[in-house]
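Data file: target-v4.txt. Format and content: compact mmCIF, C-alpha atoms.
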```
# COMPACT_ATOMS: atom_id res chain seq x y z
CA MET H 740 139.54 -182.05 -25.91
CA SER H 741 136.29 -182.06 -27.86
CA GLY H 742 132.99 -182.93 -26.21
CA ILE H 743 130.18 -185.22 -27.34
CA LEU H 744 127.92 -182.22 -28.02
CA ASP H 745 130.43 -180.05 -29.86
CA GLY H 746 128.57 -177.68 -32.18
CA LYS H 747 125.14 -178.78 -30.93
CA ARG H 748 122.41 -176.30 -30.05
CA ILE H 749 120.22 -177.44 -27.18
CA LEU H 750 117.03 -176.05 -25.61
CA VAL H 751 116.48 -177.02 -21.97
CA THR H 752 113.25 -176.44 -20.06
CA GLY H 753 112.61 -176.58 -16.33
CA VAL H 754 115.73 -175.09 -14.75
CA LEU H 755 114.30 -173.86 -11.44
CA MET H 756 116.93 -175.00 -8.92
CA GLU H 757 120.60 -175.92 -8.98
CA SER H 758 119.54 -179.29 -7.55
CA SER H 759 117.42 -180.13 -10.62
CA ILE H 760 118.21 -182.61 -13.38
CA ALA H 761 117.51 -179.83 -15.88
CA PHE H 762 120.24 -177.62 -14.41
CA HIS H 763 122.79 -180.43 -14.50
CA THR H 764 121.75 -181.35 -18.03
CA ALA H 765 122.45 -177.76 -19.11
CA LYS H 766 125.74 -177.75 -17.20
CA VAL H 767 127.01 -181.03 -18.65
CA ALA H 768 125.78 -180.04 -22.13
CA GLN H 769 127.85 -176.85 -21.98
CA GLU H 770 130.87 -178.77 -20.68
CA GLN H 771 130.45 -181.13 -23.64
CA GLY H 772 130.52 -178.29 -26.16
CA ALA H 773 126.85 -177.39 -26.67
CA GLU H 774 125.35 -173.95 -26.98
CA VAL H 775 122.36 -173.91 -24.62
CA ILE H 776 119.19 -171.85 -24.35
CA LEU H 777 116.78 -172.13 -21.42
CA THR H 778 113.03 -171.65 -21.03
CA ALA H 779 111.29 -170.84 -17.77
CA PHE H 780 107.86 -170.45 -16.20
CA PRO H 781 106.37 -168.89 -14.13
CA ARG H 782 109.40 -166.86 -12.99
CA PRO H 783 112.08 -166.36 -15.66
CA THR H 784 114.01 -164.12 -13.24
CA LEU H 785 114.48 -167.12 -10.92
CA THR H 786 115.92 -169.18 -13.78
CA GLU H 787 118.15 -166.28 -14.80
CA ARG H 788 119.65 -166.21 -11.30
CA ILE H 789 120.21 -169.97 -11.25
CA ALA H 790 121.65 -169.86 -14.79
CA LYS H 791 124.48 -167.64 -13.59
CA LYS H 792 125.91 -170.76 -11.94
CA LEU H 793 126.31 -172.48 -15.31
CA PRO H 794 129.78 -172.56 -16.91
CA LYS H 795 128.71 -170.13 -19.68
CA PRO H 796 126.05 -167.37 -19.97
CA VAL H 797 122.70 -168.42 -21.43
CA LYS H 798 119.58 -166.74 -22.73
CA VAL H 799 116.35 -167.46 -20.82
CA LEU H 800 113.00 -167.35 -22.63
CA GLU H 801 109.60 -167.32 -20.94
CA LEU H 802 107.54 -170.38 -21.91
CA ASP H 803 104.29 -171.63 -20.47
CA VAL H 804 103.76 -174.95 -22.28
CA THR H 805 99.98 -174.66 -21.77
CA ASN H 806 99.86 -171.25 -23.49
CA ASP H 807 99.33 -171.41 -27.26
CA GLU H 808 100.72 -167.92 -27.77
CA HIS H 809 103.94 -168.81 -25.97
CA LEU H 810 104.29 -171.98 -28.02
CA ALA H 811 103.61 -170.18 -31.29
CA ARG H 812 106.34 -167.60 -30.72
CA LEU H 813 108.96 -170.04 -29.37
CA ALA H 814 110.51 -171.05 -32.70
CA GLY H 815 110.99 -167.44 -33.75
CA LEU H 816 112.66 -166.48 -30.48
CA VAL H 817 114.95 -169.50 -30.52
CA LYS H 818 115.83 -168.94 -34.18
CA ASP H 819 116.89 -165.39 -33.40
CA GLU H 820 119.28 -166.71 -30.74
CA LEU H 821 120.58 -170.00 -32.14
CA GLY H 822 119.36 -170.35 -35.72
CA SER H 823 118.41 -174.00 -35.32
CA LEU H 824 118.27 -176.81 -32.75
CA ASP H 825 119.87 -180.22 -32.41
CA GLY H 826 118.21 -181.15 -29.15
CA VAL H 827 115.26 -180.35 -26.88
CA VAL H 828 114.98 -181.32 -23.21
CA HIS H 829 111.53 -181.63 -21.64
CA SER H 830 111.85 -181.29 -17.87
CA ILE H 831 108.34 -180.14 -17.01
CA GLY H 832 105.83 -181.62 -14.60
CA PHE H 833 103.13 -180.39 -12.27
CA ALA H 834 100.12 -181.72 -10.38
CA PRO H 835 97.89 -179.77 -7.99
CA GLN H 836 98.26 -180.68 -4.32
CA ASP H 837 94.94 -182.54 -4.26
CA ALA H 838 96.29 -184.92 -6.91
CA LEU H 839 99.16 -186.07 -4.67
CA GLY H 840 99.87 -187.42 -1.22
CA GLY H 841 97.35 -190.24 -0.87
CA ASN H 842 94.30 -188.48 -2.30
CA PHE H 843 94.06 -190.61 -5.46
CA LEU H 844 90.45 -191.74 -4.99
CA ASN H 845 89.18 -188.25 -4.24
CA THR H 846 91.03 -186.11 -6.80
CA PRO H 847 88.65 -184.13 -9.05
CA PHE H 848 89.03 -184.39 -12.81
CA GLU H 849 90.03 -180.75 -13.10
CA SER H 850 93.20 -181.47 -11.13
CA VAL H 851 93.86 -184.65 -13.09
CA ALA H 852 93.43 -182.72 -16.34
CA THR H 853 95.97 -180.11 -15.19
CA ALA H 854 98.50 -182.82 -14.31
CA MET H 855 98.03 -184.50 -17.70
CA HIS H 856 98.26 -181.24 -19.66
CA VAL H 857 101.38 -179.91 -17.98
CA SER H 858 103.21 -183.20 -17.43
CA ALA H 859 102.35 -185.26 -20.55
CA PHE H 860 100.63 -183.37 -23.36
CA SER H 861 103.27 -180.66 -23.05
CA LEU H 862 105.88 -183.05 -24.49
CA LYS H 863 103.95 -183.10 -27.75
CA SER H 864 103.34 -179.34 -27.55
CA LEU H 865 107.03 -178.58 -27.00
CA ALA H 866 108.15 -181.00 -29.70
CA MET H 867 105.84 -179.46 -32.29
CA ALA H 868 106.74 -175.90 -31.29
CA CYS H 869 110.44 -176.70 -31.78
CA LYS H 870 110.11 -179.05 -34.77
CA PRO H 871 110.62 -176.35 -37.46
CA LEU H 872 114.08 -175.72 -36.00
CA VAL H 873 115.20 -179.28 -35.18
CA ASN H 874 117.85 -180.57 -37.56
CA ASP H 875 117.82 -184.02 -39.15
CA GLY H 876 119.36 -186.31 -36.54
CA GLY H 877 117.97 -184.18 -33.72
CA SER H 878 117.00 -185.55 -30.33
CA ILE H 879 114.13 -184.84 -27.94
CA VAL H 880 114.66 -186.12 -24.40
CA GLY H 881 112.14 -186.02 -21.55
CA LEU H 882 112.25 -187.00 -17.89
CA THR H 883 109.98 -189.59 -16.32
CA PHE H 884 109.62 -191.48 -13.04
CA ASP H 885 109.06 -195.16 -13.77
CA ALA H 886 105.33 -195.48 -14.47
CA GLN H 887 105.27 -199.29 -14.40
CA PHE H 888 104.42 -199.20 -10.70
CA ALA H 889 102.05 -197.51 -8.26
CA TRP H 890 104.36 -195.51 -5.99
CA PRO H 891 103.51 -194.32 -2.46
CA GLN H 892 102.13 -190.76 -2.40
CA TYR H 893 102.72 -190.19 -6.15
CA ASP H 894 99.05 -190.66 -7.02
CA TRP H 895 97.95 -188.90 -10.25
CA MET H 896 101.50 -188.04 -11.25
CA GLY H 897 101.87 -191.78 -11.88
CA PRO H 898 99.21 -191.89 -14.62
CA ALA H 899 100.54 -188.56 -15.90
CA LYS H 900 104.01 -190.08 -16.27
CA ALA H 901 102.49 -193.15 -17.93
CA ALA H 902 100.86 -190.78 -20.42
CA LEU H 903 104.20 -189.03 -20.90
CA GLU H 904 105.88 -192.35 -21.66
CA ALA H 905 103.19 -193.27 -24.20
CA THR H 906 103.40 -189.80 -25.74
CA SER H 907 107.15 -190.22 -26.19
CA ARG H 908 106.63 -193.49 -28.06
CA TYR H 909 104.09 -191.95 -30.41
CA LEU H 910 106.34 -188.95 -31.03
CA ALA H 911 109.18 -191.35 -31.80
CA ARG H 912 106.92 -193.08 -34.30
CA ASP H 913 105.74 -189.92 -36.05
CA LEU H 914 108.94 -187.85 -35.96
CA GLY H 915 111.22 -190.65 -37.11
CA LYS H 916 110.53 -189.85 -40.76
CA ASP H 917 112.11 -186.44 -40.13
CA GLY H 918 115.18 -187.99 -38.55
CA ILE H 919 114.17 -186.88 -35.05
CA ARG H 920 114.57 -189.22 -32.07
CA CYS H 921 112.45 -189.06 -28.91
CA ASN H 922 113.52 -190.81 -25.71
CA LEU H 923 113.07 -190.53 -21.95
CA VAL H 924 115.34 -190.82 -18.94
CA SER H 925 113.75 -192.43 -15.89
CA ALA H 926 115.69 -191.18 -12.88
CA GLY H 927 115.54 -192.20 -9.26
CA PRO H 928 114.15 -189.78 -6.65
CA LEU H 929 116.00 -186.51 -6.08
CA GLY H 930 115.60 -183.70 -3.59
CA SER H 931 114.38 -181.28 -6.25
CA MET H 932 111.63 -178.67 -6.06
CA ALA H 933 109.25 -181.05 -7.85
CA ALA H 934 109.98 -183.81 -5.33
CA LYS H 935 109.57 -181.54 -2.33
CA SER H 936 106.09 -180.60 -3.55
CA ILE H 937 104.92 -184.23 -3.10
CA PRO H 938 103.43 -184.83 0.37
CA GLY H 939 105.07 -187.83 1.98
CA PHE H 940 107.92 -187.87 -0.56
CA GLY H 941 110.25 -189.44 2.00
CA GLU H 942 108.18 -192.65 2.00
CA LEU H 943 108.60 -192.97 -1.76
CA ALA H 944 112.30 -192.16 -1.68
CA ASP H 945 112.95 -194.68 1.10
CA VAL H 946 112.40 -197.49 -1.43
CA TRP H 947 115.86 -196.66 -2.83
CA ASN H 948 117.49 -197.08 0.58
CA HIS H 949 116.48 -200.76 0.60
CA ARG H 950 116.32 -201.85 -3.05
CA SER H 951 118.93 -199.97 -5.09
CA PRO H 952 121.82 -202.27 -6.17
CA LEU H 953 124.00 -199.20 -6.77
CA GLU H 954 124.19 -196.60 -4.03
CA TRP H 955 121.70 -193.84 -4.87
CA ASP H 956 122.40 -190.28 -3.76
CA MET H 957 119.26 -188.12 -3.70
CA ALA H 958 121.45 -185.03 -3.55
CA ASP H 959 123.26 -185.78 -6.84
CA PRO H 960 121.29 -185.06 -10.02
CA GLU H 961 124.34 -185.19 -12.27
CA PRO H 962 124.11 -188.90 -13.23
CA ALA H 963 120.61 -188.29 -14.62
CA GLY H 964 121.83 -185.15 -16.39
CA ARG H 965 124.61 -187.15 -17.98
CA GLY H 966 122.06 -189.70 -19.16
CA VAL H 967 120.09 -186.96 -20.87
CA VAL H 968 123.22 -185.55 -22.50
CA ALA H 969 124.19 -189.00 -23.79
CA LEU H 970 120.80 -189.30 -25.52
CA LEU H 971 121.20 -185.80 -26.98
CA SER H 972 124.51 -186.82 -28.53
CA ASP H 973 125.18 -188.74 -31.73
CA PHE H 974 126.16 -191.86 -29.76
CA PHE H 975 122.58 -193.20 -30.02
CA PRO H 976 121.73 -192.45 -33.66
CA LYS H 977 119.17 -195.26 -34.03
CA THR H 978 117.67 -195.29 -30.54
CA THR H 979 114.18 -193.86 -30.26
CA GLY H 980 111.03 -194.52 -28.24
CA GLU H 981 113.26 -195.80 -25.43
CA ILE H 982 113.26 -195.24 -21.66
CA VAL H 983 116.78 -195.24 -20.21
CA HIS H 984 116.81 -195.89 -16.47
CA VAL H 985 119.25 -193.89 -14.37
CA ASP H 986 117.95 -195.10 -11.01
CA GLY H 987 120.67 -197.23 -9.44
CA GLY H 988 118.99 -200.36 -10.82
CA VAL H 989 115.79 -200.29 -8.77
CA HIS H 990 113.66 -200.74 -11.92
CA MET H 991 114.89 -204.30 -12.45
CA MET H 992 114.68 -205.56 -8.89
CA GLY H 993 112.07 -208.18 -7.96
CA ALA H 994 109.96 -208.14 -4.81
```

If you convert what's in this file into C-alpha cells, what do you get?
Amino acid sequence: MSGILDGKRILVTGVLMESSIAFHTAKVAQEQGAEVILTAFPRPTLTERIAKKLPKPVKVLELDVTNDEHLARLAGLVKDELGSLDGVVHSIGFAPQDALGGNFLNTPFESVATAMHVSAFSLKSLAMACKPLVNDGGSIVGLTFDAQFAWPQYDWMGPAKAALEATSRYLARDLGKDGIRCNLVSAGPLGSMAAKSIPGFGELADVWNHRSPLEWDMADPEPAGRGVVALLSDFFPKTTGEIVHVDGGVHMMGA
C-alpha cells in the first residue's frame, strides 16, 4: 500500500530523544514513504544513536541554526544526499534556565534574546537555508505550544512561541508565491527533553488532566507526529499560515 508521503524528501530537525515529536514525525514519515534526512545540534552522535530506532537508516547532518556558516552549507549537504526537498520540519526550541520557571520579571534581555533567536528566528533561518531545494508545493511545518495564553512556569518561552507563530504567518505570506506552505502544529505537553528542562513543568501539564476533552497521554508523541506528517503531505495543498492543534481539545475549552 502506498503512503501519503510516497516519493517525498523530508528534512527533520530536533531528533534528540525517542520520546520527541521530531522522532515520531521522522518515523511516521518513513512509514508513509518519505526519504528522510535529520539535522542535529549540539551532539550529532546522540541523534545518530536515536536514529537507529527508525524504520530505515538516515543521514544526520550537524546544524546549529544560530550559526551562519552551518546555515550556508546546509543546502549543499542536503542536495548531495537527496537532490531536493519536499518538506522541512522545524522542531527547535531553547531558553536559558533563568528565562523559565517563574522568573519572568527578572529575566535579563540576553536570555530573552537567546530564546527568541533559537526558538523563533530560526524558523526563518531554516526556511531560507532550505528554500533553494524546496520544490513547488513544498511544506514547512514547525512546532509550537499555544501562545494565546500565559502558561504556568513557561515564562519567556511563551513570547518566543508567539514570535514563532507570527514568523510562520509571515513566511506563509512571502513563500506562497513560490508554492511553499508554512504551518505549525500546536501539541499538548509531552515528557520530552525540552519539557523536562522547564522547572515546574508538572504544574503546566496538570492543566490537561482537568481540561482535555480527549484523553491526553504525555507519553505518546505520535499523534502530534502524525499531525506534522499530514501537513507535509499533499492533502492540504491550499492550507498555509495555519496552526493545527493536536492537544486533545484544550485550546477550545472555556474557563

Per residue of region 926-984 of chain H within 12 Å of region 814-828 of chain H, note the shortest atom pair and the distance in Å to one decimal, counting all atoms listed in the file, and order the rows by chain and increasing residue number, as CSV.
```
residue,atom,partner,partner_atom,distance
H:Gly964,CA,H:Val828,CA,10.4
H:Gly966,CA,H:Val828,CA,11.7
H:Val967,CA,H:Val828,CA,8.0
H:Val968,CA,H:Val828,CA,9.3
H:Ala969,CA,H:Gly826,CA,11.2
H:Leu970,CA,H:Gly826,CA,9.3
H:Leu971,CA,H:Gly826,CA,5.9
H:Ser972,CA,H:Gly826,CA,8.5
H:Asp973,CA,H:Asp825,CA,10.1
```

Please write as an MDAnalysis selection string the list of polymer residues whose atoms come within 12 Å of (124.3, -170.9, -14.2), counting all atoms listed in the file and keeping to the coordinates of the file. chainID H and resid 754:758 761:767 769 775:777 785:799

If you keep C-alpha atoms, can you produce a file of those selected residues as a PDB file, in the frame of the given file?
```pdb
ATOM      1  CA  VAL H 754     115.730-175.090 -14.750  1.00  0.00           C
ATOM      2  CA  LEU H 755     114.300-173.860 -11.440  1.00  0.00           C
ATOM      3  CA  MET H 756     116.930-175.000  -8.920  1.00  0.00           C
ATOM      4  CA  GLU H 757     120.600-175.920  -8.980  1.00  0.00           C
ATOM      5  CA  SER H 758     119.540-179.290  -7.550  1.00  0.00           C
ATOM      6  CA  ALA H 761     117.510-179.830 -15.880  1.00  0.00           C
ATOM      7  CA  PHE H 762     120.240-177.620 -14.410  1.00  0.00           C
ATOM      8  CA  HIS H 763     122.790-180.430 -14.500  1.00  0.00           C
ATOM      9  CA  THR H 764     121.750-181.350 -18.030  1.00  0.00           C
ATOM     10  CA  ALA H 765     122.450-177.760 -19.110  1.00  0.00           C
ATOM     11  CA  LYS H 766     125.740-177.750 -17.200  1.00  0.00           C
ATOM     12  CA  VAL H 767     127.010-181.030 -18.650  1.00  0.00           C
ATOM     13  CA  GLN H 769     127.850-176.850 -21.980  1.00  0.00           C
ATOM     14  CA  VAL H 775     122.360-173.910 -24.620  1.00  0.00           C
ATOM     15  CA  ILE H 776     119.190-171.850 -24.350  1.00  0.00           C
ATOM     16  CA  LEU H 777     116.780-172.130 -21.420  1.00  0.00           C
ATOM     17  CA  LEU H 785     114.480-167.120 -10.920  1.00  0.00           C
ATOM     18  CA  THR H 786     115.920-169.180 -13.780  1.00  0.00           C
ATOM     19  CA  GLU H 787     118.150-166.280 -14.800  1.00  0.00           C
ATOM     20  CA  ARG H 788     119.650-166.210 -11.300  1.00  0.00           C
ATOM     21  CA  ILE H 789     120.210-169.970 -11.250  1.00  0.00           C
ATOM     22  CA  ALA H 790     121.650-169.860 -14.790  1.00  0.00           C
ATOM     23  CA  LYS H 791     124.480-167.640 -13.590  1.00  0.00           C
ATOM     24  CA  LYS H 792     125.910-170.760 -11.940  1.00  0.00           C
ATOM     25  CA  LEU H 793     126.310-172.480 -15.310  1.00  0.00           C
ATOM     26  CA  PRO H 794     129.780-172.560 -16.910  1.00  0.00           C
ATOM     27  CA  LYS H 795     128.710-170.130 -19.680  1.00  0.00           C
ATOM     28  CA  PRO H 796     126.050-167.370 -19.970  1.00  0.00           C
ATOM     29  CA  VAL H 797     122.700-168.420 -21.430  1.00  0.00           C
ATOM     30  CA  LYS H 798     119.580-166.740 -22.730  1.00  0.00           C
ATOM     31  CA  VAL H 799     116.350-167.460 -20.820  1.00  0.00           C
TER      32      VAL H 799
END
```

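Each of H:Leu943, H:Ala911, H:Ala905, H:Val989 was checked against Gly841 (chain H) using only C-alpha atoms; the smallest atom-to-atom distance is that of H:Leu943.
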
Give me the residues near region 880-887 of chain H as a PyMOL selection string, where near means some atom within 6 Å (using all atoms listed in the file) and where sequence neighbours in that chain fewer than 3 positions away do not count. chain H and resi 828-830+897+900-901+921-925

Export of prior selection with C-alpha atoms as an mmCIF file, keeping the file's coordinate frame:
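This is the output file part-v5.cif:
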```cif
data_model
loop_
_atom_site.group_PDB
_atom_site.id
_atom_site.type_symbol
_atom_site.label_atom_id
_atom_site.label_comp_id
_atom_site.auth_asym_id
_atom_site.auth_seq_id
_atom_site.Cartn_x
_atom_site.Cartn_y
_atom_site.Cartn_z
ATOM 1 C CA VAL H 828 114.980 -181.320 -23.210
ATOM 2 C CA HIS H 829 111.530 -181.630 -21.640
ATOM 3 C CA SER H 830 111.850 -181.290 -17.870
ATOM 4 C CA GLY H 897 101.870 -191.780 -11.880
ATOM 5 C CA LYS H 900 104.010 -190.080 -16.270
ATOM 6 C CA ALA H 901 102.490 -193.150 -17.930
ATOM 7 C CA CYS H 921 112.450 -189.060 -28.910
ATOM 8 C CA ASN H 922 113.520 -190.810 -25.710
ATOM 9 C CA LEU H 923 113.070 -190.530 -21.950
ATOM 10 C CA VAL H 924 115.340 -190.820 -18.940
ATOM 11 C CA SER H 925 113.750 -192.430 -15.890
#
```

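Our summary of the geometry notes that CA of Met896 (chain H) is positioned 28.1 Å from CA of Gly877 (chain H).
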